[in-house]
Amino acid sequence: MSASAREIKEQLARARGYFHSHDVMRSILALATGMKVLVEQPVFGVARQEITTHILEVTQLLNRAEEVQLHVPQGLEYTKGADKRFLGMLIRLVKTIKEEAGKETLEQARDRKLKMDRALIRGQKQLDAGKTAEAEEAFNEAVSLYVDEHKLFVFIASKLIKAKLARQALKYLQRALKVDGDDSQAYLAMAEAQSQIGEAGKAEAILRQAETKFNDDTDVHLAFAQALELKGRLKEALVAAKKAYDAEPGMNEARKLLTRLAKKARAAQAAADSS
């Protein structure tokens with residue numbers, strides 16, 4: 001008997017054993033492993049006939065399992081000579097079962113989100129009490145419960161920035177940009193954090209990048225205009241403010257900023273002309 005035939009038979013024996021131990025997933029995996037060897041190293045003659053018989057036996061066993069009946073209602077069907085197709089079917093089945101096992105039930109999701117909310121509330125209370133380490137511990141607990149709540153990281157970072165703890169906020173903002181690079185609020189918060197820790201150049205670079213990426217976002221243009229205004233770069237600030245106003249003409253803040261900058265620019269020009 002060839003080494004490949006021996007290995008295939010061993011895997012099929014494991015598949016039977018796992019099935020009788022009520023471990024359906026490992027049974028399918030063992031069958032798939034045996035099929036992979038058979039596809040890559042074909043076996044012929046009497047050994048092949050024995051292997052085919054064993055494959056059919058394991059397949060019949062698996063067709064009794066609830067997991068298989070749920071995802072393959074018609075049952076697994078093995079045909080000699082269609083080894084590659086059967087292997088593909090087993091691989092898809094394993095993937096489907098794993099995905100199902102990884103999904104939260106509605107009740108589990110509610111419980112997890114409730115724990116997350118409680119951790120966030122506790123973190124805010126600790127911040128209000130000036131207990132930074134305890135607040136971060138609570139926020140990290142909330143992060144450990146993250147599944148797909150992408151806004152969580154900006155939410156925590158904003159709390160820290162408001163408490164003048166911008167340096168601690170940076171790691172949350174980096175995570176925010178990693179999970180959702182299209183969140184303009186993450187860029188704005190990152191720019192604010194960099195500005196708060198004295199990195200004005202980095203803050204401007206982030207805002208400039210955000211302006212390019214989010215061309216129709218009023219908040220981004222406003223933030224950039226305000227940052228440029230603080231640096232006395234009125235002409236550039238006017239351009240950004242005009243973009244904010246054009247993006248949302250009805251926004252009072254954009255209109256007021258544009259008016260203020262225009263007055264400052266005229267005053268600066270008048271002063272330059274008279275000198």
# chains A, B, ... in the order shown; residues from 1 in each chain; ligands from 1
call {"tool": "residues_around", "arguments": {"residues": "range 212-218 of chain A", "least_positions_apart": "4", "cutoff": "7 Å", "atoms": "only C-alpha atoms", "output": "ChimeraX atom specification"}}
result
/A:184,208,222,244,247-248
call {"tool": "residues_around", "arguments": {"residues": "Glu199 in chain A", "least_positions_apart": "6", "cutoff": "12 Å", "atoms": "only C-alpha atoms", "output": "ChimeraX atom specification"}}
result
/A:166-167,190-193,205-206
call {"tool": "write_last_selection", "arguments": {"atoms": "N, CA and C atoms", "output": "short mmCIF file (atom, residue, chain, number, x, y, z; two decimals), in the first residue's frame"}}
result
data_model
loop_
_atom_site.label_atom_id
_atom_site.label_comp_id
_atom_site.auth_asym_id
_atom_site.auth_seq_id
_atom_site.Cartn_x
_atom_site.Cartn_y
_atom_site.Cartn_z
N ALA A 166 -5.22 64.59 24.99
CA ALA A 166 -5.09 64.29 23.56
C ALA A 166 -4.07 63.20 23.27
N ARG A 167 -3.00 63.18 24.04
CA ARG A 167 -1.97 62.16 23.77
C ARG A 167 -2.54 60.75 23.96
N MET A 190 -8.34 63.68 14.94
CA MET A 190 -6.89 63.49 14.92
C MET A 190 -6.18 64.83 14.80
N ALA A 191 -6.69 65.71 13.94
CA ALA A 191 -6.10 67.04 13.78
C ALA A 191 -6.19 67.83 15.09
N GLU A 192 -7.34 67.74 15.75
CA GLU A 192 -7.52 68.45 17.02
C GLU A 192 -6.57 67.92 18.08
N ALA A 193 -6.40 66.59 18.12
CA ALA A 193 -5.49 65.98 19.09
C ALA A 193 -4.05 66.42 18.84
N ALA A 205 -1.39 69.16 8.23
CA ALA A 205 -1.24 68.14 7.19
C ALA A 205 -2.45 67.21 7.15
N ILE A 206 -2.95 66.86 8.33
CA ILE A 206 -4.12 65.98 8.40
C ILE A 206 -5.35 66.67 7.83
#
call {"tool": "atom_distance", "arguments": {"atom1": "CA of Val72 in chain A", "atom2": "CA of Leu93 in chain A"}}
result
7.9 Å
call {"tool": "residues_around", "arguments": {"residues": "range 13-21 of chain A", "least_positions_apart": "2", "cutoff": "9 Å", "atoms": "only C-alpha atoms", "output": "list in words"}}
result
Ile8, Lys9, Glu10, Gln11, Asp23, Val24, Met25, Arg26, Ser27, Ile28, Leu29, Ala30, Leu31, His54, Glu57, Val58, Leu61, Leu62 and Ala65 of chain A
call {"tool": "residues_around", "arguments": {"residues": "Gln226 in chain A", "least_positions_apart": "2", "cutoff": "9 Å", "atoms": "only C-alpha atoms", "output": "PyMOL selection string"}}
result
chain A and resi 221-224+228-231+237+240-241+257
call {"tool": "write_last_selection", "arguments": {"atoms": "C-alpha atoms", "output": "CSV table (one decimal), in the first residue's frame"}}
result
chain,number,residue,atom,x,y,z
A,221,HIS,CA,-13.5,72.9,5.3
A,222,LEU,CA,-14.5,74.8,8.4
A,223,ALA,CA,-11.9,73.2,10.6
A,224,PHE,CA,-9.2,73.9,8.0
A,228,LEU,CA,-5.4,78.7,9.0
A,229,GLU,CA,-7.1,81.8,10.5
A,230,LEU,CA,-5.3,81.1,13.8
A,231,LYS,CA,-2.0,81.1,11.9
A,237,ALA,CA,-8.4,80.5,5.2
A,240,ALA,CA,-11.4,77.0,2.8
A,241,ALA,CA,-14.2,79.0,4.3
A,257,LEU,CA,-16.7,82.6,9.3
